[in-house]
>>> print(open('entry_36.cif').read())   # mmCIF, C-alpha atoms
data_my_file
#
loop_
_atom_site.label_atom_id
_atom_site.label_comp_id
_atom_site.auth_asym_id
_atom_site.auth_seq_id
_atom_site.Cartn_x
_atom_site.Cartn_y
_atom_site.Cartn_z
CA MET I 1 5.85 62.53 276.35
CA THR I 2 7.29 59.11 277.11
CA ALA I 3 5.93 56.35 274.86
CA LEU I 4 3.20 54.27 276.54
CA THR I 5 3.24 50.50 276.08
CA LEU I 6 -0.34 49.38 275.50
CA VAL I 7 -1.78 45.94 276.12
CA MET I 8 -3.57 44.58 273.07
CA THR I 9 -6.77 42.79 274.01
CA THR I 10 -7.44 39.26 272.86
CA ALA I 11 -10.26 40.53 270.63
CA GLY I 12 -8.08 43.36 269.28
CA LEU I 13 -5.20 40.99 268.56
CA GLY I 14 -7.55 38.68 266.71
CA ARG I 15 -8.78 41.53 264.50
CA PHE I 16 -5.18 42.74 264.01
CA THR I 17 -3.93 39.24 263.03
CA ALA I 18 -6.78 38.68 260.63
CA ALA I 19 -5.98 41.96 258.89
CA GLN I 20 -2.38 40.81 258.33
CA VAL I 21 -3.59 37.86 256.21
CA GLN I 22 -5.56 40.19 253.94
CA ASP I 23 -8.98 39.68 255.54
CA ASP I 24 -11.22 42.69 254.94
CA ILE I 25 -10.85 44.02 258.47
CA ASP I 26 -11.28 47.71 259.31
CA LEU I 27 -8.45 48.65 261.70
CA THR I 28 -9.49 52.29 262.03
CA ILE I 29 -9.01 53.60 265.58
CA ALA I 30 -12.38 55.36 265.70
CA SER I 31 -12.56 56.51 269.34
CA VAL I 32 -10.70 56.76 272.62
CA ALA I 33 -12.42 56.09 275.96
CA PHE I 34 -11.20 57.58 279.25
CA THR I 35 -11.39 56.22 282.79
CA ALA I 36 -10.37 57.62 286.15
CA SER I 37 -10.21 54.13 287.70
CA ASP I 38 -6.98 52.39 288.67
CA PHE I 39 -7.34 49.05 286.86
CA VAL I 40 -5.21 46.19 285.59
CA ALA I 41 -4.77 46.37 281.81
CA ALA I 42 -5.43 42.73 280.94
CA PRO I 43 -5.80 41.24 277.44
CA THR I 44 -9.10 39.63 278.43
CA LEU I 45 -10.86 43.02 278.76
CA THR I 46 -13.68 43.71 276.33
CA ALA I 47 -14.70 47.04 277.90
CA LEU I 48 -12.77 49.80 279.65
CA PRO I 49 -13.37 49.59 283.43
CA GLY I 50 -14.90 52.78 284.79
CA GLU I 51 -15.30 54.39 281.37
CA PHE I 52 -16.80 57.85 281.78
CA ARG I 53 -16.18 59.49 278.43
CA ARG I 54 -15.60 58.39 274.82
CA ILE I 55 -14.09 60.82 272.28
CA GLY I 56 -14.10 60.49 268.50
CA ALA I 57 -11.92 63.51 267.76
CA ILE I 58 -8.61 61.74 267.44
CA SER I 59 -5.78 61.90 264.98
CA GLY I 60 -2.83 59.56 264.65
CA GLU I 61 -0.08 58.24 262.43
CA ALA I 62 2.62 55.56 262.54
CA ILE I 63 5.95 57.36 262.89
CA GLY I 64 8.40 54.46 262.55
CA GLY I 65 9.15 51.03 264.01
CA ASN I 66 6.38 50.09 266.45
CA MET I 67 5.58 53.71 267.36
CA VAL I 68 2.29 55.53 266.80
CA HIS I 69 1.69 59.21 267.59
CA MET I 70 -1.88 60.20 268.53
CA ILE I 71 -3.61 63.40 269.58
CA VAL I 72 -6.97 63.32 271.38
CA ARG I 73 -9.05 66.53 271.40
CA ASP I 74 -11.96 67.22 273.73
CA ASP I 75 -13.65 70.63 273.60
CA GLY I 76 -16.52 69.65 275.93
CA ASP I 77 -17.50 71.75 279.00
CA VAL I 78 -16.56 69.00 281.42
CA GLY I 79 -13.73 68.43 283.84
CA TYR I 80 -12.10 65.11 284.66
CA THR I 81 -8.97 63.17 285.54
CA VAL I 82 -7.61 60.41 283.27
CA ARG I 83 -5.72 57.39 284.67
CA GLY I 84 -6.35 55.05 281.79
CA PHE I 85 -7.78 54.85 278.30
CA GLY I 86 -8.81 52.35 275.66
CA LEU I 87 -8.66 52.40 271.87
CA PHE I 88 -11.82 51.26 270.08
CA LEU I 89 -12.07 50.10 266.47
CA ALA I 90 -14.86 51.29 264.18
CA ASP I 91 -16.87 48.12 264.91
CA GLY I 92 -16.71 48.80 268.69
CA THR I 93 -13.99 46.24 269.49
CA LEU I 94 -11.74 47.26 272.41
CA PHE I 95 -8.42 47.10 270.56
CA ALA I 96 -5.89 48.06 273.25
CA VAL I 97 -5.84 49.49 276.78
CA TYR I 98 -3.47 51.36 279.08
CA GLY I 99 -3.72 52.30 282.73
CA GLN I 100 -1.62 53.60 285.60
CA ALA I 101 -2.19 54.57 289.23
CA THR I 102 -1.17 58.21 288.81
CA PRO I 103 -3.12 60.65 286.61
CA ILE I 104 -2.10 60.79 282.97
CA CYS I 105 -3.78 64.17 282.43
CA GLU I 106 -6.55 66.38 283.86
CA LYS I 107 -9.08 68.71 282.20
CA SER I 108 -11.06 71.56 283.71
CA VAL I 109 -14.52 72.66 282.58
CA SER I 110 -13.38 75.84 280.87
CA THR I 111 -10.49 74.32 278.88
CA SER I 112 -10.05 72.13 275.84
CA LEU I 113 -8.07 68.91 276.06
CA LEU I 114 -5.43 68.36 273.41
CA MET I 115 -3.53 65.32 274.66
CA PRO I 116 -0.60 63.92 272.63
CA ILE I 117 0.08 60.23 273.15
CA ASP I 118 3.11 58.31 271.85
CA ILE I 119 2.17 54.62 271.81
CA ALA I 120 4.66 51.73 271.60
CA PHE I 121 2.86 48.66 270.23
CA PRO I 122 4.31 45.19 270.93
CA THR I 123 4.76 44.66 267.16
CA THR I 124 6.17 46.57 264.22
CA ALA I 125 3.45 45.45 261.79
CA ILE I 126 1.25 48.49 262.39
CA ASP I 127 1.00 49.79 258.83
CA LYS I 128 -2.67 48.70 258.58
CA LEU I 129 -3.73 50.90 261.51
CA THR I 130 -5.63 54.03 260.46
CA PHE I 131 -7.00 56.97 262.44
CA GLY I 132 -9.65 59.61 262.18
CA ASP I 133 -9.16 63.24 261.18
CA ALA I 134 -5.45 64.03 260.77
CA ASN I 135 -5.91 67.80 260.37
CA PHE I 136 -4.66 68.57 263.88
CA LEU I 137 -1.98 65.88 264.15
CA ASN I 138 1.26 67.33 265.53
CA PRO I 139 3.78 64.43 265.71
CA PRO I 140 7.33 64.56 267.01
CA ALA I 141 9.94 65.27 264.36
CA THR I 142 12.15 62.48 263.02
CA THR I 143 14.88 62.31 260.39
CA GLU I 144 12.22 61.28 257.86
CA ARG I 145 9.37 63.73 258.66
CA ARG I 146 8.51 67.15 260.01
CA GLY I 147 7.12 67.52 263.50
CA VAL I 148 7.42 69.06 266.94
CA VAL I 149 10.87 69.30 268.48
CA GLU I 150 12.24 70.35 271.85
CA LEU I 151 15.09 72.86 271.88
CA ALA I 152 18.28 71.74 273.57
CA THR I 153 19.95 73.80 276.29
CA GLN I 154 23.58 74.90 275.96
CA SER I 155 24.75 72.03 278.20
CA GLU I 156 22.65 69.43 276.35
CA ALA I 157 24.00 70.59 272.99
CA ALA I 158 27.57 70.55 274.32
CA ALA I 159 27.11 66.99 275.66
CA GLY I 160 25.95 65.85 272.20
CA THR I 161 24.23 62.68 273.48
CA ASP I 162 20.50 63.55 273.17
CA THR I 163 18.96 62.60 269.81
CA SER I 164 15.46 63.94 270.66
CA ARG I 165 16.33 67.66 270.89
CA VAL I 166 17.68 70.21 268.42
CA ALA I 167 19.97 73.18 268.96
CA SER I 168 18.81 76.74 268.26
CA VAL I 169 20.89 79.31 266.41
CA ALA I 170 21.78 80.99 269.70
CA VAL I 171 22.97 77.70 271.19
CA LEU I 172 24.97 76.90 268.05
CA LYS I 173 26.56 80.35 268.19
CA GLY I 174 27.61 79.71 271.78
CA LEU I 175 29.05 76.30 270.88
CA LEU I 176 30.91 77.71 267.89
CA GLY I 177 32.25 80.57 270.02
CA ALA I 178 33.55 78.12 272.61
CA LEU I 179 35.04 75.97 269.86
CA GLU I 180 36.72 79.00 268.29
CA THR I 181 38.27 79.91 271.65
CA ARG I 182 39.55 76.38 272.16
CA LEU I 183 41.00 76.27 268.63
CA THR I 184 42.67 79.67 269.09
CA ASN I 185 44.26 78.51 272.34
CA ALA I 186 45.32 75.20 270.78
CA VAL I 187 46.93 76.96 267.80
CA ALA I 188 48.76 79.35 270.15
CA ASP I 189 50.03 76.42 272.23
CA LEU I 190 51.10 74.59 269.07
CA ALA I 191 52.95 77.66 267.76
CA THR I 192 54.78 78.03 271.08
CA SER I 193 55.78 74.36 271.11
CA PHE I 194 56.86 74.49 267.47
CA GLY I 195 58.92 77.62 268.11
CA GLN I 196 60.66 76.00 271.04
CA ALA I 197 61.39 72.88 269.00
CA LEU I 198 62.71 74.99 266.09
CA ASP I 199 64.99 76.94 268.42
CA GLY I 200 66.38 73.64 269.69
CA ILE I 201 67.00 72.42 266.14
CA VAL I 202 68.76 75.65 265.08
CA ALA I 203 71.02 75.39 268.10
CA ARG I 204 72.33 72.04 266.84
CA THR I 205 75.51 71.84 264.73
CA ILE I 206 76.42 69.23 262.13
CA TYR I 207 80.12 68.52 261.54
CA GLY I 208 81.77 66.59 258.73
CA SER I 209 83.96 63.68 259.77
CA GLY I 210 86.23 61.21 258.00
CA LEU I 211 85.58 61.41 254.25
CA VAL I 212 82.67 63.86 254.80
CA LYS I 213 83.55 67.58 254.62
CA GLY I 214 81.48 70.69 255.47
CA GLY I 215 78.77 71.33 258.07
CA GLY I 216 77.81 74.08 260.51
CA ASN I 217 74.79 75.10 262.64
CA LEU I 218 71.25 74.88 261.23
CA SER I 219 70.58 78.62 261.03
CA ALA I 220 71.20 78.29 257.27
CA ASN I 221 71.38 75.56 254.62
CA ARG I 222 74.52 73.44 254.95
CA THR I 223 76.16 71.20 252.36
CA LEU I 224 78.10 68.06 253.19
CA THR I 225 80.44 66.76 250.49
CA VAL I 226 82.53 63.68 249.77
CA ASP I 227 85.30 64.23 247.21
CA ALA I 228 85.90 61.70 244.45
CA ALA I 229 89.46 60.54 243.76
CA SER I 230 91.07 61.31 240.42
CA ALA I 231 92.78 58.69 238.26
CA THR I 232 96.17 60.10 239.31
CA GLN I 233 95.27 59.87 242.98
CA LEU I 234 94.13 56.28 242.54
CA ARG I 235 97.36 55.28 240.81
CA ALA I 236 99.44 57.07 243.50
CA GLY I 237 97.49 55.30 246.26
CA VAL I 238 98.37 57.77 249.05
CA GLN I 239 95.32 60.06 249.38
CA ALA I 240 93.17 59.15 252.42
CA ASP I 241 90.33 61.71 252.23
CA VAL I 242 88.83 60.86 248.81
CA VAL I 243 86.70 57.96 247.58
CA ALA I 244 87.19 55.73 244.55
CA THR I 245 84.34 55.93 242.02
CA PRO I 246 83.79 53.49 239.15
CA ALA I 247 84.59 56.28 236.70
CA ALA I 248 87.91 57.03 238.44
CA LEU I 249 88.78 53.35 238.59
CA ALA I 250 88.19 52.98 234.86
CA ALA I 251 90.22 56.12 234.12
CA ALA I 252 93.10 54.79 236.21
CA GLY I 253 93.07 51.51 234.30
CA VAL I 254 91.99 49.49 237.32
CA VAL I 255 90.32 46.23 236.41
CA TYR I 256 88.17 44.65 239.08
CA LEU I 257 85.97 41.63 239.40
CA ILE I 258 82.32 42.11 238.44
CA GLU I 259 80.94 38.58 238.60
CA ALA I 260 82.14 35.14 239.71
CA LYS I 261 80.45 31.74 239.69
CA SER I 262 81.40 28.07 239.88
CA ASP I 263 80.06 24.59 239.24
CA GLY I 264 82.23 21.70 240.45
CA PRO I 265 85.74 22.15 238.93
CA SER I 266 84.47 24.82 236.52
CA ARG I 267 85.07 28.50 237.31
CA TYR I 268 83.85 31.73 235.67
CA ARG I 269 85.01 35.32 236.31
CA ARG I 270 83.94 38.51 234.53
CA PHE I 271 85.91 41.79 234.97
CA SER I 272 85.16 45.49 234.71
CA ASP I 273 86.94 45.81 231.32
CA GLY I 274 84.60 43.20 229.81
CA SER I 275 87.12 40.37 229.81
CA VAL I 276 86.06 36.90 230.92
CA GLU I 277 88.14 34.02 232.29
CA MET I 278 86.93 30.44 232.42
CA MET I 279 88.56 27.18 233.51
CA GLY I 280 87.67 23.58 234.04
CA VAL I 281 88.55 19.90 233.58
CA SER I 282 87.42 17.80 230.59
CA ALA I 283 87.89 14.26 229.30
CA LEU I 284 89.92 13.31 226.24
CA PRO I 285 88.87 10.98 223.45
CA GLY I 286 90.41 7.48 223.59
CA SER I 287 92.32 7.97 220.32
CA GLU I 288 93.62 10.73 218.15
CA SER I 289 90.60 12.69 216.88
CA SER I 290 88.86 16.04 216.93
CA PHE I 291 86.31 16.73 219.68
CA THR I 292 84.17 19.58 221.03
CA LEU I 293 84.59 21.25 224.40
CA ASN I 294 81.34 22.96 225.39
CA PHE I 295 81.98 25.80 227.83
CA PRO I 296 79.97 25.60 231.11
CA TRP I 297 78.86 29.22 230.50
CA PRO I 298 79.01 30.84 227.04
CA PHE I 299 81.28 33.86 226.63
CA PRO I 300 79.28 37.11 226.19
CA THR I 301 80.82 37.66 222.73
CA VAL I 302 83.67 35.30 221.79
CA CYS I 303 86.39 33.05 223.18
CA GLU I 304 89.79 34.51 222.28
CA GLY I 305 92.05 31.64 223.34
CA ILE I 306 92.25 28.34 225.20
CA PHE I 307 95.17 26.66 226.94
CA ALA I 308 95.31 23.00 227.99
CA THR I 309 97.42 20.83 230.29
CA ILE I 310 97.21 17.05 230.09
CA ILE I 311 96.48 15.40 233.45
CA ASN I 312 98.96 12.54 233.94
CA THR I 313 98.58 11.44 237.54
CA ALA I 314 100.50 8.18 236.83
CA ALA I 315 103.52 10.12 235.50
CA SER I 316 103.50 7.76 232.48
CA ASN I 317 105.51 8.22 229.26
CA ASP I 318 102.59 6.85 227.29
CA GLY I 319 99.36 8.67 226.49
CA GLN I 320 98.04 11.62 224.61
CA SER I 321 100.36 14.52 225.10
CA THR I 322 98.87 17.58 223.35
CA VAL I 323 95.47 19.24 222.78
CA GLN I 324 95.43 21.46 219.70
CA GLU I 325 93.01 24.25 218.72
CA ILE I 326 90.91 23.88 215.57
CA SER I 327 88.37 26.73 216.04
CA LEU I 328 86.73 28.82 218.78
CA SER I 329 83.23 30.26 219.32
CA ALA I 330 81.46 31.89 222.22
CA ALA I 331 79.87 28.60 223.34
CA SER I 332 82.51 25.97 222.52
CA ALA I 333 85.99 25.09 221.26
CA GLN I 334 86.76 22.61 218.47
CA LEU I 335 89.95 20.77 219.57
CA TYR I 336 92.20 17.93 218.35
CA ALA I 337 93.84 15.34 220.60
CA GLN I 338 97.24 14.14 219.24
CA ASN I 339 99.22 11.18 220.61
CA HIS I 340 102.98 11.15 220.61
CA LYS I 341 103.06 7.63 222.05
CA THR I 342 100.64 4.78 222.21
CA PRO I 343 97.97 5.79 224.71
CA THR I 344 97.39 3.71 227.80
CA ALA I 345 94.53 3.73 230.25
CA ASP I 346 96.70 5.04 233.07
CA ALA I 347 97.89 8.00 231.05
CA ASN I 348 94.40 9.03 229.90
CA GLY I 349 93.42 11.32 232.83
CA GLY I 350 91.80 14.10 230.78
CA PHE I 351 93.06 17.67 230.66
CA ARG I 352 92.74 20.92 232.56
CA TRP I 353 91.88 23.96 230.44
CA PHE I 354 91.89 27.75 230.80
CA ALA I 355 90.11 30.07 228.33
CA ARG I 356 89.87 33.85 227.92
CA GLY I 357 87.43 36.00 225.97
CA HIS I 358 84.97 38.82 226.30
#
>>> encode(input="entry_36.cif", output="C-alpha cells")
Amino acid sequence: MTALTLVMTTAGLGRFTAAQVQDDIDLTIASVAFTASDFVAAPTLTALPGEFRRIGAISGEAIGGNMVHMIVRDDGDVGYTVRGFGLFLADGTLFAVYGQATPICEKSVSTSLLMPIDIAFPTTAIDKLTFGDANFLNPPATTERRGVVELATQSEAAAGTDTSRVASVAVLKGLLGALETRLTNAVADLATSFGQALDGIVARTIYGSGLVKGGGNLSANRTLTVDAASATQLRAGVQADVVATPAALAAAGVVYLIEAKSDGPSRYRRFSDGSVEMMGVSALPGSESSFTLNFPWPFPTVCEGIFATIINTAASNDGQSTVQEISLSAASAQLYAQNHKTPTADANGGFRWFARGH
C-alpha cells in the first residue's frame, strides 16, 4: 500500500513535542477511529468528523525514517466503508488524521478487517511512538528487518529498477538463462573476430632491411638479427652490413671521445682508453720562482706530463722564457718560472699549457 501522509493535530503535535523534551508523556497509539465522511484533515480537529467506529486492536512499528507500519484488525459482525481515520493516544487525544474522497477500504458483515497502513509522518523523530499488541504485525520487508515482500515479474527483475520487490528462484533462473545465452553468443562473436584478426596477422610478412637480416611470415616465430663487426672488419673499414660495438672498437684499438667539457679557455677531454687531455691559460709569477698550477678538473688518477708555451704578444726579447716541471699530481703541477733576460711588463703575458694523464 502507498504510504499515507497524515496531518498531525495541534493537540497531538503538542503532546509529541512535549515527549521530545523528556516530559512523561504517553505516546501510545491506543485506538483507531473510522469515518465514512469526506472531510478536510485539518490540524485544528479534536475529534474525527463522522466517526462511526473505534478499534483498539491495532499493531504498529516504526520501520525507518519517518515511516510507521500499522495493522488494524476488526472481527466485528458489521459492514462499513472507510474514507478516513484518526489515531488516538491513550489519554483520548486525537493525535493525527487522514481522509480522502474515495474509499480506503470496505468491510462486509461476514468478514474480518485486517487493514495494513503505511504512514509517513512529517518528522523523523518518531521513536517515542508505541502501539498496542504487536502479535499480528506484518510489516513490509527492508534491508534491516524481515517482513512481507512482493515478488517481481520477469520483466521487473530484468529492468532492475524496483527496490520494493524481490525475484523468485524461477525468475532468477530465467534471468540467468538469458544471461548465459547472451554470454555464449558474445563469446562466439569474440572468437570469430579474434580468429579473423589472427588470420590477418599471420598473412603479414616481416622483412629485414639495411643492417637487419632475417624475417618471414608470422605463421612461425621469426628472428631478426644485426651482425656485429669484428676488429678486422673495423680496421679494414669496407664492410657495410655490420655495426660497430664498443667491444669491437676496443679490440680494433679505436680510441674515441667519452666526455668533453670546457670553462673559458680551459678544455677537458676523456677518451675510451682512459686517457685524459687538458689545456688552458695561466699567469706567470713576476720573477723567477716556483708556483702551483691547479688543474680546472683533477685527473682521475694522475697527470703524466705538462707542456707550456710562453705567451709573448709583444714579440719582445725580454721576459720569462721557460716554464719547468718540478712535480705532478692528479690535481696540480708544481712548476718553476726561469728568466733568461730581465722580465718586462710587456713580455709577461702568461703561458698556454697542455697536460695529459689518466
>>> resolve_selection(input="entry_36.cif", expression="the PyMOL selection byres ((chain I and resi 28) around 12)", output="ChimeraX atom specification")
/I:12,15-16,19,25-27,29-32,56,58-61,87-95,126-133
>>> closest_residue(input="entry_36.cif", among="I:Ile55, I:Ala170, I:Val78, I:Ala36", to="Met115 of chain I", atoms="only C-alpha atoms")
I:Ile55
>>> atom_distance(input="entry_36.cif", atom1="atom CA of Pro298 of chain I", atom2="atom CA of Ala331 of chain I")
4.4 Å
>>> closest_residue(input="entry_36.cif", among="I:Leu6, I:Leu224, I:Val281, I:Met70", to="Gly86 of chain I", atoms="all atoms listed in the file")
I:Leu6
>>> residues_around(input="entry_36.cif", residues="Phe52 of chain I", least_positions_apart="2", cutoff="8 Å", atoms="all atoms listed in the file", output="CSV table (one decimal) with C-alpha atoms, keeping the file's coordinate frame")
chain,number,residue,atom,x,y,z
I,33,ALA,CA,-12.4,56.1,276.0
I,34,PHE,CA,-11.2,57.6,279.2
I,35,THR,CA,-11.4,56.2,282.8
I,36,ALA,CA,-10.4,57.6,286.2
I,50,GLY,CA,-14.9,52.8,284.8
I,54,ARG,CA,-15.6,58.4,274.8
>>> atom_distance(input="entry_36.cif", atom1="atom CA of Ala158 of chain I", atom2="atom CA of Ala191 of chain I")
27.2 Å
>>> residues_around(input="entry_36.cif", residues="Gly349 of chain I", least_positions_apart="4", cutoff="8 Å", atoms="only C-alpha atoms", output="PyMOL selection string")
chain I and resi 283-284+310-313
>>> resolve_selection(input="entry_36.cif", expression="the PyMOL selection byres ((chain I and resi 338) around 7)", output="number ranges by chain")
I: 288, 320-323, 336-337, 339-340
